[in-house]
$ cat start27.cif   # mmCIF, C-alpha atoms
data_upload
loop_
_atom_site.label_atom_id
_atom_site.label_comp_id
_atom_site.auth_asym_id
_atom_site.auth_seq_id
_atom_site.Cartn_x
_atom_site.Cartn_y
_atom_site.Cartn_z
CA MET A 1 -31.19 -4.25 21.38
CA LYS A 2 -33.04 -0.96 21.43
CA THR A 3 -30.19 0.57 19.42
CA ARG A 4 -30.40 -2.16 16.83
CA VAL A 5 -34.17 -1.67 16.44
CA LEU A 6 -33.65 2.07 16.02
CA VAL A 7 -30.93 1.53 13.42
CA SER A 8 -33.15 -0.87 11.51
CA LEU A 9 -36.04 1.59 11.62
CA ALA A 10 -33.75 4.34 10.36
CA ALA A 11 -32.58 2.10 7.54
CA LEU A 12 -36.16 1.21 6.66
CA ALA A 13 -37.18 4.87 6.75
CA ALA A 14 -34.31 5.72 4.43
CA LEU A 15 -35.35 2.93 2.07
CA GLN A 16 -38.92 4.21 2.03
CA LEU A 17 -37.57 7.51 0.77
CA GLY A 18 -35.54 5.79 -1.90
CA GLU A 19 -32.33 6.89 -0.23
CA VAL A 20 -29.19 4.93 0.48
CA PRO A 21 -29.55 3.54 4.02
CA ALA A 22 -28.21 5.72 6.84
CA VAL A 23 -25.71 2.96 7.58
CA SER A 24 -23.38 3.42 4.62
CA HIS A 25 -21.00 0.51 4.44
CA HIS A 26 -18.27 0.98 1.82
CA SER A 27 -16.65 -1.98 3.51
CA ASN A 28 -17.14 -5.67 2.90
CA VAL A 29 -16.92 -6.50 6.63
CA ALA A 30 -20.58 -5.50 6.87
CA PHE A 31 -21.55 -8.41 4.60
CA ALA A 32 -21.54 -12.21 4.82
CA VAL A 33 -19.23 -12.45 1.79
CA GLU A 34 -19.18 -16.25 1.67
CA THR A 35 -22.92 -16.38 1.19
CA VAL A 36 -24.37 -15.42 -2.18
CA LEU A 37 -28.15 -15.23 -2.59
CA THR A 38 -30.31 -14.39 -5.59
CA ALA A 39 -33.03 -11.76 -5.85
CA THR A 40 -35.21 -10.92 -8.84
CA GLY A 41 -37.02 -7.65 -9.19
CA THR A 42 -37.40 -4.25 -10.79
CA VAL A 43 -34.86 -1.42 -10.63
CA LYS A 44 -36.17 1.61 -8.75
CA GLU A 45 -32.95 3.62 -8.84
CA TRP A 46 -29.35 3.25 -10.05
CA GLN A 47 -26.89 5.51 -8.26
CA TRP A 48 -23.59 5.86 -10.14
CA SER A 49 -21.66 7.27 -7.20
CA ASN A 50 -18.40 6.92 -5.30
CA PRO A 51 -17.03 5.28 -3.35
CA HIS A 52 -19.62 2.60 -4.12
CA THR A 53 -22.61 2.43 -6.42
CA TRP A 54 -26.13 1.61 -5.22
CA LEU A 55 -28.86 -0.33 -6.98
CA ILE A 56 -32.27 0.09 -5.37
CA VAL A 57 -34.50 -2.82 -6.34
CA ALA A 58 -38.13 -3.74 -5.68
CA VAL A 59 -37.64 -7.46 -5.08
CA ASP A 60 -40.46 -9.96 -5.64
CA ASP A 61 -41.45 -11.32 -2.24
CA GLY A 62 -42.98 -14.49 -3.70
CA LYS A 63 -46.46 -13.48 -2.43
CA GLY A 64 -47.38 -11.11 -5.22
CA GLY A 65 -45.79 -8.11 -3.53
CA THR A 66 -42.36 -6.48 -3.42
CA VAL A 67 -39.80 -5.58 -0.80
CA GLN A 68 -37.28 -2.81 -1.39
CA TRP A 69 -33.59 -3.71 -1.22
CA ALA A 70 -30.47 -1.54 -1.46
CA MET A 71 -27.69 -3.40 -3.25
CA GLU A 72 -24.19 -1.98 -2.90
CA GLY A 73 -21.85 -2.26 -5.90
CA ARG A 74 -18.19 -1.45 -6.46
CA ALA A 75 -16.85 1.95 -7.47
CA PRO A 76 -17.74 3.41 -10.89
CA GLY A 77 -14.09 3.26 -12.00
CA VAL A 78 -13.91 -0.49 -11.43
CA LEU A 79 -17.37 -1.20 -12.82
CA LEU A 80 -16.57 0.78 -16.00
CA ARG A 81 -13.77 -1.69 -16.67
CA ALA A 82 -16.15 -4.58 -15.93
CA GLY A 83 -18.62 -3.44 -18.63
CA TRP A 84 -21.01 -1.30 -16.57
CA SER A 85 -21.88 2.35 -17.14
CA ARG A 86 -23.93 5.17 -15.67
CA SER A 87 -26.76 4.28 -18.06
CA VAL A 88 -26.51 0.49 -18.09
CA LEU A 89 -29.41 0.30 -15.61
CA LYS A 90 -32.52 2.44 -15.30
CA ALA A 91 -35.74 2.52 -13.33
CA GLY A 92 -38.14 -0.17 -14.55
CA ASP A 93 -35.47 -2.63 -15.73
CA LYS A 94 -36.01 -6.25 -14.69
CA VAL A 95 -32.88 -7.64 -13.05
CA THR A 96 -31.57 -10.66 -11.24
CA VAL A 97 -29.06 -9.75 -8.54
CA HIS A 98 -26.59 -12.15 -6.94
CA TYR A 99 -25.62 -10.59 -3.61
CA SER A 100 -24.11 -11.18 -0.21
CA PRO A 101 -26.50 -10.26 2.60
CA SER A 102 -25.80 -7.76 5.35
CA LYS A 103 -24.57 -9.34 8.59
CA VAL A 104 -27.18 -7.46 10.61
CA GLY A 105 -30.09 -8.73 8.53
CA SER A 106 -31.19 -5.43 6.98
CA LYS A 107 -32.46 -5.30 3.41
CA VAL A 108 -29.01 -4.43 2.13
CA GLY A 109 -26.70 -6.60 0.03
CA MET A 110 -23.33 -6.47 -1.72
CA ILE A 111 -23.49 -7.15 -5.45
CA ALA A 112 -21.68 -10.17 -6.87
CA ARG A 113 -23.29 -10.01 -10.30
CA VAL A 114 -26.34 -8.59 -12.05
CA THR A 115 -28.14 -10.26 -14.98
CA LEU A 116 -30.32 -8.07 -17.21
CA SER A 117 -33.56 -9.22 -18.86
CA ASP A 118 -31.79 -9.61 -22.23
CA GLY A 119 -29.35 -12.05 -20.64
CA LYS A 120 -26.45 -9.60 -20.44
CA VAL A 121 -24.32 -10.33 -17.39
CA LEU A 122 -22.62 -7.57 -15.41
CA PRO A 123 -19.80 -9.04 -13.28
CA ASN A 124 -18.40 -7.12 -10.31
CA ALA A 125 -14.80 -7.23 -11.53
CA PRO A 126 -13.02 -6.55 -14.83
CA PRO A 127 -11.95 -9.65 -16.79
CA GLY A 128 -8.79 -11.16 -15.34
CA ASP A 129 -8.96 -8.98 -12.22
CA MET B 1 52.04 18.12 -49.53
CA ARG B 2 51.37 20.13 -46.41
CA THR B 3 47.76 20.42 -47.48
CA THR B 4 47.50 16.62 -47.81
CA ILE B 5 48.94 16.11 -44.31
CA SER B 6 46.47 18.59 -42.88
CA ILE B 7 43.58 16.84 -44.55
CA VAL B 8 44.75 13.44 -43.25
CA ALA B 9 45.20 14.85 -39.74
CA ALA B 10 41.74 16.41 -39.85
CA ALA B 11 40.29 13.10 -41.01
CA ILE B 12 41.97 11.26 -38.14
CA VAL B 13 40.62 13.77 -35.60
CA ALA B 14 37.16 13.56 -37.15
CA THR B 15 37.22 9.75 -37.05
CA ALA B 16 38.43 9.73 -33.44
CA SER B 17 35.76 12.16 -32.29
CA GLY B 18 33.17 10.15 -34.22
CA LEU B 19 34.23 7.01 -32.40
CA LEU B 20 34.10 8.91 -29.13
CA SER B 21 30.56 10.11 -29.73
CA ILE B 22 29.51 6.57 -30.71
CA ALA B 23 31.06 5.33 -27.46
CA ILE B 24 29.19 8.01 -25.48
CA SER B 25 25.85 7.26 -27.10
CA ALA B 26 26.36 3.53 -26.55
CA GLN B 27 27.00 4.22 -22.88
CA SER B 28 24.20 6.69 -22.20
CA PRO B 29 21.23 4.25 -22.09
CA ALA B 30 22.87 2.47 -19.17
CA THR B 31 23.35 5.67 -17.19
CA GLN B 32 19.90 7.06 -18.00
CA PRO B 33 17.29 5.84 -15.46
CA PRO B 34 14.20 4.11 -16.88
CA ASP B 35 10.95 6.08 -17.22
CA PHE B 36 8.19 4.55 -15.07
CA SER B 37 5.57 7.08 -16.25
CA GLY B 38 2.23 5.58 -17.21
CA VAL B 39 -0.97 3.97 -15.96
CA TYR B 40 -0.73 0.52 -14.37
CA ARG B 41 -3.11 -2.13 -13.03
CA PRO B 42 -2.05 -4.47 -10.22
CA ILE B 43 -1.32 -8.10 -11.03
CA ASN B 44 -1.53 -9.32 -7.41
CA ALA B 45 -3.71 -6.80 -5.59
CA VAL B 46 -5.54 -9.35 -3.48
CA GLY B 47 -2.53 -11.31 -2.26
CA PRO B 48 -2.74 -14.64 -0.48
CA PRO B 49 -6.04 -15.89 0.99
CA GLY B 50 -6.83 -14.15 4.24
CA ALA B 51 -4.71 -11.11 3.38
CA GLY B 52 -7.89 -9.10 3.08
CA ARG B 53 -8.77 -6.12 0.98
CA ASP B 54 -11.58 -3.66 0.75
CA GLY B 55 -14.32 -3.70 -1.81
CA PRO B 56 -16.61 -6.34 -3.20
CA ARG B 57 -15.01 -8.72 -5.58
CA ALA B 58 -15.89 -11.53 -7.97
CA GLY B 59 -15.67 -15.07 -6.73
CA GLY B 60 -16.49 -18.54 -7.94
CA PRO B 61 -15.41 -20.68 -10.85
CA PRO B 62 -14.38 -19.35 -14.29
CA ALA B 63 -17.01 -18.43 -16.87
CA PRO B 64 -18.59 -21.33 -18.83
CA ALA B 65 -18.74 -21.59 -22.63
CA PRO B 66 -20.55 -18.77 -24.48
CA GLY B 67 -24.32 -19.17 -24.44
CA GLN B 68 -24.28 -21.31 -21.31
CA PRO B 69 -25.76 -19.90 -18.09
CA LEU B 70 -23.22 -18.76 -15.51
CA PRO B 71 -22.95 -20.80 -12.32
CA PRO B 72 -23.91 -18.83 -9.20
CA PRO B 73 -21.00 -16.96 -7.58
CA THR B 74 -19.70 -18.61 -4.42
CA ARG B 75 -18.79 -15.37 -2.66
CA THR B 76 -18.48 -11.65 -3.30
CA ALA B 77 -15.11 -10.83 -1.70
CA PRO B 78 -12.24 -12.32 0.26
CA LEU B 79 -12.87 -12.44 4.01
CA SER B 80 -11.36 -9.30 5.46
CA ASP B 81 -12.54 -9.68 9.05
CA GLY B 82 -9.71 -11.89 10.34
CA SER B 83 -12.15 -14.66 11.31
CA GLN B 84 -9.78 -17.24 9.81
CA GLY B 85 -6.81 -15.94 11.79
CA ARG B 86 -3.70 -14.26 10.43
CA SER B 87 -2.12 -15.49 7.22
CA PRO B 88 1.33 -17.08 7.62
CA THR B 89 2.61 -14.46 5.15
CA ALA B 90 1.15 -11.53 7.12
CA PRO B 91 3.45 -9.26 9.16
CA GLN B 92 4.41 -10.86 12.50
CA LEU B 93 3.15 -8.62 15.29
CA THR B 94 4.45 -8.09 18.81
CA PRO B 95 1.98 -9.11 21.58
CA GLU B 96 0.77 -5.52 22.10
CA TYR B 97 -0.08 -5.02 18.43
CA LEU B 98 -1.44 -8.53 17.98
CA ALA B 99 -3.91 -7.73 20.78
CA ARG B 100 -4.96 -4.59 18.88
CA TRP B 101 -5.45 -6.63 15.70
CA GLN B 102 -7.55 -9.20 17.59
CA ALA B 103 -9.79 -6.46 19.01
CA MET B 104 -10.32 -5.03 15.52
CA SER B 105 -11.00 -8.49 14.11
CA LYS B 106 -13.73 -9.04 16.72
CA SER B 107 -15.35 -5.76 15.73
CA ARG B 108 -15.12 -6.59 12.01
CA VAL B 109 -16.56 -10.08 12.44
CA ALA B 110 -19.54 -8.35 14.08
CA GLY B 111 -19.94 -6.27 10.90
CA SER B 112 -18.48 -2.97 12.14
CA SER B 113 -16.52 -0.77 9.71
CA GLU B 114 -15.07 1.21 12.64
CA SER B 115 -11.47 0.08 11.92
CA ASP B 116 -11.80 0.52 8.16
CA ASN B 117 -10.10 3.77 7.13
CA THR B 118 -10.94 3.26 3.46
CA ALA B 119 -14.65 3.07 4.34
CA LYS B 120 -14.25 6.50 5.98
CA CYS B 121 -12.61 7.83 2.80
CA LEU B 122 -9.28 8.35 4.58
CA PRO B 123 -6.12 7.77 2.53
CA PRO B 124 -4.87 4.16 2.76
CA GLY B 125 -1.35 5.45 3.51
CA MET B 126 1.99 3.77 2.98
CA PRO B 127 2.67 0.96 2.35
CA ALA B 128 -0.96 -0.22 1.90
CA MET B 129 -1.61 2.28 -0.91
CA MET B 130 0.95 0.48 -3.07
CA ASN B 131 -1.64 -2.32 -3.46
CA MET B 132 -3.08 0.12 -6.01
CA ALA B 133 -6.14 -2.14 -6.21
CA TYR B 134 -8.02 0.06 -8.71
CA GLY B 135 -4.97 1.17 -10.70
CA MET B 136 -2.15 3.69 -10.39
CA GLU B 137 -0.67 6.50 -12.43
CA VAL B 138 3.06 7.24 -12.27
CA MET B 139 4.36 10.67 -13.24
CA GLN B 140 8.14 10.95 -13.43
CA THR B 141 10.55 13.83 -13.86
CA LYS B 142 14.28 14.00 -13.20
CA ASP B 143 13.74 15.29 -9.66
CA LYS B 144 10.47 13.66 -8.56
CA ILE B 145 8.20 10.67 -9.07
CA THR B 146 4.53 10.97 -8.16
CA PHE B 147 2.39 7.87 -7.56
CA PHE B 148 -1.39 8.32 -7.77
CA SER B 149 -3.90 5.69 -6.68
CA GLU B 150 -7.38 5.60 -8.22
CA LEU B 151 -8.66 4.09 -4.95
CA ASN B 152 -9.37 7.09 -2.67
CA ASP B 153 -7.51 9.45 -5.06
CA ALA B 154 -4.43 8.90 -2.89
CA LEU B 155 -1.09 10.43 -3.83
CA ARG B 156 2.57 10.20 -2.83
CA ARG B 157 5.69 11.98 -4.00
CA VAL B 158 9.21 10.58 -4.07
CA TYR B 159 11.91 13.25 -4.20
CA LEU B 160 14.94 12.36 -6.33
CA ASP B 161 16.91 15.61 -6.02
CA GLY B 162 18.90 14.61 -2.97
CA ARG B 163 16.80 16.42 -0.34
CA LYS B 164 16.43 14.77 3.05
CA PRO B 165 13.60 14.87 5.60
CA THR B 166 14.11 17.82 7.97
CA PRO B 167 13.20 17.80 11.69
CA ALA B 168 10.04 19.75 10.75
CA ILE B 169 9.07 17.00 8.27
CA LEU B 170 9.77 14.26 10.82
CA ASP B 171 7.61 16.14 13.33
CA ASP B 172 4.66 16.19 10.91
CA PRO B 173 3.68 12.61 10.03
CA THR B 174 1.29 12.05 7.12
CA TYR B 175 -0.57 9.12 5.53
CA ALA B 176 1.78 8.82 2.55
CA GLY B 177 4.82 9.85 4.61
CA TYR B 178 7.91 11.54 3.23
CA SER B 179 9.74 9.64 0.50
CA THR B 180 13.21 10.16 -0.94
CA GLY B 181 14.72 8.03 -3.68
CA ARG B 182 17.88 7.41 -5.65
CA TRP B 183 18.72 5.31 -8.69
CA GLU B 184 20.86 2.18 -8.37
CA GLY B 185 21.26 1.36 -12.04
CA ASP B 186 17.75 0.60 -13.31
CA THR B 187 16.29 0.25 -9.81
CA LEU B 188 14.70 3.09 -7.86
CA VAL B 189 15.52 2.77 -4.15
CA VAL B 190 13.05 4.63 -1.95
CA GLU B 191 12.94 5.32 1.78
CA THR B 192 9.76 6.56 3.44
CA VAL B 193 9.56 8.11 6.92
CA ALA B 194 7.23 10.45 8.87
CA LEU B 195 4.21 8.11 8.69
CA ARG B 196 1.06 8.43 10.80
CA ASP B 197 0.29 5.52 13.14
CA ASN B 198 -3.44 5.31 12.37
CA THR B 199 -3.13 3.44 9.06
CA TYR B 200 -2.61 -0.26 8.37
CA ILE B 201 0.39 -2.05 6.89
CA GLU B 202 -2.03 -4.18 4.86
CA GLY B 203 -5.55 -5.40 5.56
CA PHE B 204 -5.97 -4.05 9.09
CA THR B 205 -2.50 -4.91 10.46
CA PRO B 206 -1.66 -2.03 12.83
CA HIS B 207 1.73 -0.34 13.25
CA SER B 208 3.44 2.32 15.40
CA ASP B 209 4.74 5.80 14.58
CA GLN B 210 8.20 4.25 14.27
CA MET B 211 7.36 2.42 11.04
CA THR B 212 9.61 3.08 8.04
CA VAL B 213 9.31 1.64 4.54
CA LYS B 214 12.01 0.78 2.01
CA GLU B 215 11.27 -0.05 -1.61
CA ARG B 216 13.16 -1.27 -4.65
CA ILE B 217 11.18 -0.48 -7.81
CA ARG B 218 12.18 -1.68 -11.30
CA PHE B 219 10.91 -3.08 -14.58
CA THR B 220 11.30 -6.88 -14.50
CA SER B 221 10.30 -7.05 -18.18
CA PRO B 222 8.88 -4.50 -20.63
CA GLY B 223 5.75 -2.96 -19.07
CA ILE B 224 5.91 -5.02 -15.87
CA LEU B 225 6.81 -2.92 -12.85
CA GLU B 226 7.81 -4.55 -9.56
CA ASP B 227 7.91 -2.95 -6.10
CA ARG B 228 9.79 -4.93 -3.43
CA ILE B 229 8.66 -3.46 -0.11
CA THR B 230 10.32 -3.90 3.29
CA VAL B 231 8.49 -2.58 6.35
CA THR B 232 10.40 -2.03 9.59
CA ASP B 233 8.73 -1.20 12.90
CA PRO B 234 10.65 -1.99 16.12
CA LYS B 235 7.51 -1.53 18.28
CA ALA B 236 4.86 -3.38 16.24
CA LEU B 237 6.77 -5.97 14.21
CA VAL B 238 8.79 -8.95 15.50
CA LYS B 239 10.94 -8.66 12.36
CA PRO B 240 10.88 -6.57 9.16
CA TRP B 241 8.11 -7.63 6.79
CA GLU B 242 8.67 -8.02 3.07
CA THR B 243 6.16 -8.10 0.25
CA VAL B 244 6.25 -7.74 -3.54
CA LYS B 245 3.71 -5.84 -5.63
CA THR B 246 3.59 -6.21 -9.41
CA TYR B 247 1.83 -3.95 -11.91
CA ARG B 248 1.15 -4.14 -15.65
CA LYS B 249 1.42 -1.00 -17.77
CA MET B 250 -1.72 -0.16 -19.76
CA THR B 251 -1.19 1.25 -23.24
CA THR B 252 -4.60 1.36 -24.93
CA PRO B 253 -7.70 3.45 -24.15
CA PRO B 254 -9.73 3.23 -22.00
CA GLU B 255 -7.54 0.97 -19.84
CA ASP B 256 -4.74 3.54 -19.80
CA GLN B 257 -6.84 6.11 -17.95
CA LEU B 258 -7.99 6.30 -14.34
CA ARG B 259 -11.41 7.52 -13.24
CA GLU B 260 -12.11 10.12 -10.56
CA PHE B 261 -12.88 8.53 -7.19
CA ALA B 262 -14.34 11.45 -5.16
CA CYS B 263 -14.90 9.29 -2.07
CA ALA B 264 -16.54 12.09 -0.04
CA GLU B 265 -19.53 11.80 -2.41
CA GLY B 266 -20.63 8.78 -0.39
CA ILE B 267 -20.05 10.27 3.05
CA GLU B 268 -23.24 11.16 4.88
CA HIS B 269 -22.35 14.72 5.84
CA ALA B 270 -21.17 15.59 2.32
CA ARG B 271 -24.52 14.90 0.70
#

$ encode --input "start27.cif" --output "structure tokens"
Amino acid sequence: MKTRVLVSLAALAALQLGEVPAVSHHSNVAFAVETVLTATGTVKEWQWSNPHTWLIVAVDDGKGGTVQWAMEGRAPGVLLRAGWSRSVLKAGDKVTVHYSPSKVGSKVGMIARVTLSDGKVLPNAPPGD
Amino acid sequence: MRTTISIVAAAIVATASGLLSIAISAQSPATQPPDFSGVYRPINAVGPPGAGRDGPRAGGPPAPAPGQPLPPPTRTAPLSDGSQGRSPTAPQLTPEYLARWQAMSKSRVAGSSESDNTAKCLPPGMPAMMNMAYGMEVMQTKDKITFFSELNDALRRVYLDGRKPTPAILDDPTYAGYSTGRWEGDTLVVETVALRDNTYIEGFTPHSDQMTVKERIRFTSPGILEDRITVTDPKALVKPWETVKTYRKMTTPPEDQLREFACAEGIEHAR
């Protein structure tokens, strides 16, 4: 229990610094893949990196404030073929993220799809894949 | 008169040699092995439900008509934690290795990536790397074929020049192993030995250091490459396991190029 609290604190600390959480997943076993939730917010950072990309979002908490989430996306190579790019997202963009939540309840999700404010949809797989 | 005979004789010789060269050129395509070189994308990377695979993935129903809002996705990836048991098409494990799989499944269901080599940026190894989930590039010469996987920048070489694995090679197992191949008509027959035991056959199905892999690779139609894989492991498998991977050749930019993967970029100590 103590370990879990420490891990969560570390993850939160990392999020405060705008960093990818200390617990880097790169593996879908860390996520409840059969659950897909929706979050709306503002992009703080878009990390176009391998093996997985990261979208840091200030998510509306429904009470006038925001909570920071780290959303993990697929590799740049795959996302390129799905219509994404290094510059498709930037700080300040309003986005809606469909994501699978972390199994341990941290503010980390795995991206299923992102919708931009102009209605453009970014799927997490190339067409026909 | 003599001159005429000579000319006729020369004409006959010329005609005969012409026929011969026509016969040779008609025969040569059959004796020349096909060229597999090119960039391919997998047609069946995910496999049957429950087979498991790394990486988030699209789920849910097909896209609606243009202009209509998309329905919410139903999931992000196939379950790869074994919580639904082993697929009937998965390799059949001996009790010792089934127990290992069950222990890993328990850890995965709890959310641990401990048994996930790909998450640690290790090479997927043979035969799992032939899933080529993110695409593969084949480079072929007369004496060697090299297979490159975009996922984890993994690479394997198949030697075609008749060399065989030496005791030193057999004593030095690697992720991709040591592959030798020969042509049987238009089919490349490959045998792979000297494989490490810390990789997975597919998903997270474990195996021993006695695993060997045989493949039959051919074009089934223009641009469609098929790899029929047979995995043998007397310690881990009840019987040899067979699977078929299919890939489509990409011919137009940008689909015909792979992107750098550089997995270590995401590893904590590398940043």

$ closest_atom_pairs --input "start27.cif" --of "chain B" --to "chain A" --cutoff "7 Å" --atoms "all atoms listed in the file" --output "tab-separated table"
residue	atom	partner	partner_atom	distance
B:Asp54	CA	A:Ser27	CA	6.0
B:Gly55	CA	A:Asn28	CA	5.8
B:Pro56	CA	A:Arg74	CA	6.1
B:Arg57	CA	A:Asn124	CA	6.0
B:Ala58	CA	A:Asn124	CA	5.6
B:Pro73	CA	A:Val36	CA	6.5
B:Thr74	CA	A:Val36	CA	6.1
B:Arg75	CA	A:Glu34	CA	4.4
B:Thr76	CA	A:Ala112	CA	5.0
B:Ala77	CA	A:Val33	CA	5.6
B:Leu79	CA	A:Val33	CA	6.7
B:Ser80	CA	A:Val29	CA	6.3
B:Asp81	CA	A:Val29	CA	5.9
B:Arg108	CA	A:Val29	CA	5.7
B:Val109	CA	A:Val29	CA	6.8
B:Gly111	CA	A:Ala30	CA	4.2
B:Ser112	CA	A:Ala30	CA	6.2
B:Ser113	CA	A:Ser27	CA	6.3
B:Ala119	CA	A:His26	CA	4.9
B:Tyr134	CA	A:Val78	CA	6.5
B:Arg259	CA	A:Gly77	CA	5.2
B:Phe261	CA	A:Asn50	CA	6.1
B:Ala262	CA	A:Asn50	CA	6.1
B:Cys263	CA	A:Pro51	CA	4.7
B:Glu265	CA	A:Asn50	CA	5.8
B:Gly266	CA	A:Asn50	CA	5.7

$ closest_atom_pairs --input "start27.cif" --of "region 91-168 of chain B" --to "region 216-220 of chain B" --cutoff "12 Å" --atoms "only C-alpha atoms" --output "CSV"
residue,atom,partner,partner_atom,distance
B:Met130,CA,B:Ile217,CA,11.3
B:Ile145,CA,B:Ile217,CA,11.6
B:Val158,CA,B:Ile217,CA,11.8

$ atom_distance --input "start27.cif" --atom1 "CA of Lys63 (chain A)" --atom2 "CA of Leu89 (chain A)"
25.6 Å

$ atom_distance --input "start27.cif" --atom1 "CA of Thr66 (chain A)" --atom2 "CA of Trp48 (chain A)"
23.4 Å

$ atom_distance --input "start27.cif" --atom1 "CA of Asp171 (chain B)" --atom2 "CA of Tyr159 (chain B)"
18.3 Å

$ resolve_selection --input "start27.cif" --expression "the PyMOL selection byres ((chain A and resi 118) around 12)" --output "PDB file with C-alpha atoms, in the coordinates of the input"
ATOM      1  CA  ASP A  93     -35.470  -2.630 -15.730  1.00  0.00           C
ATOM      2  CA  LYS A  94     -36.010  -6.250 -14.690  1.00  0.00           C
ATOM      3  CA  VAL A  95     -32.880  -7.640 -13.050  1.00  0.00           C
ATOM      4  CA  THR A  96     -31.570 -10.660 -11.240  1.00  0.00           C
ATOM      5  CA  VAL A 114     -26.340  -8.590 -12.050  1.00  0.00           C
ATOM      6  CA  THR A 115     -28.140 -10.260 -14.980  1.00  0.00           C
ATOM      7  CA  LEU A 116     -30.320  -8.070 -17.210  1.00  0.00           C
ATOM      8  CA  SER A 117     -33.560  -9.220 -18.860  1.00  0.00           C
ATOM      9  CA  GLY A 119     -29.350 -12.050 -20.640  1.00  0.00           C
ATOM     10  CA  LYS A 120     -26.450  -9.600 -20.440  1.00  0.00           C
ATOM     11  CA  VAL A 121     -24.320 -10.330 -17.390  1.00  0.00           C
ATOM     12  CA  LEU A 122     -22.620  -7.570 -15.410  1.00  0.00           C
TER      13      LEU A 122
END

$ resolve_selection --input "start27.cif" --expression "the PyMOL selection byres ((chain B and resi 155) around 12)" --output "JSON, numbers by chain"
{"B": [122, 123, 124, 125, 126, 127, 129, 130, 132, 136, 137, 138, 139, 145, 146, 147, 148, 149, 150, 151, 152, 153, 154, 156, 157, 158, 174, 175, 176, 177, 178, 179]}

$ resolve_selection --input "start27.cif" --expression "the PyMOL selection byres ((chain B and resi 192) around 8)" --output "list in words"
Gly177, Tyr178, Ser179, Thr180, Val190, Glu191, Val193, Ala194, Leu195, Thr212, Val213 and Lys214 of chain B

$ write_last_selection --input "start27.cif" --atoms "C-alpha atoms" --output "mmCIF file, keeping the file's coordinate frame"
data_model
loop_
_atom_site.group_PDB
_atom_site.id
_atom_site.type_symbol
_atom_site.label_atom_id
_atom_site.label_comp_id
_atom_site.auth_asym_id
_atom_site.auth_seq_id
_atom_site.Cartn_x
_atom_site.Cartn_y
_atom_site.Cartn_z
ATOM 1 C CA GLY B 177 4.820 9.850 4.610
ATOM 2 C CA TYR B 178 7.910 11.540 3.230
ATOM 3 C CA SER B 179 9.740 9.640 0.500
ATOM 4 C CA THR B 180 13.210 10.160 -0.940
ATOM 5 C CA VAL B 190 13.050 4.630 -1.950
ATOM 6 C CA GLU B 191 12.940 5.320 1.780
ATOM 7 C CA VAL B 193 9.560 8.110 6.920
ATOM 8 C CA ALA B 194 7.230 10.450 8.870
ATOM 9 C CA LEU B 195 4.210 8.110 8.690
ATOM 10 C CA THR B 212 9.610 3.080 8.040
ATOM 11 C CA VAL B 213 9.310 1.640 4.540
ATOM 12 C CA LYS B 214 12.010 0.780 2.010
#
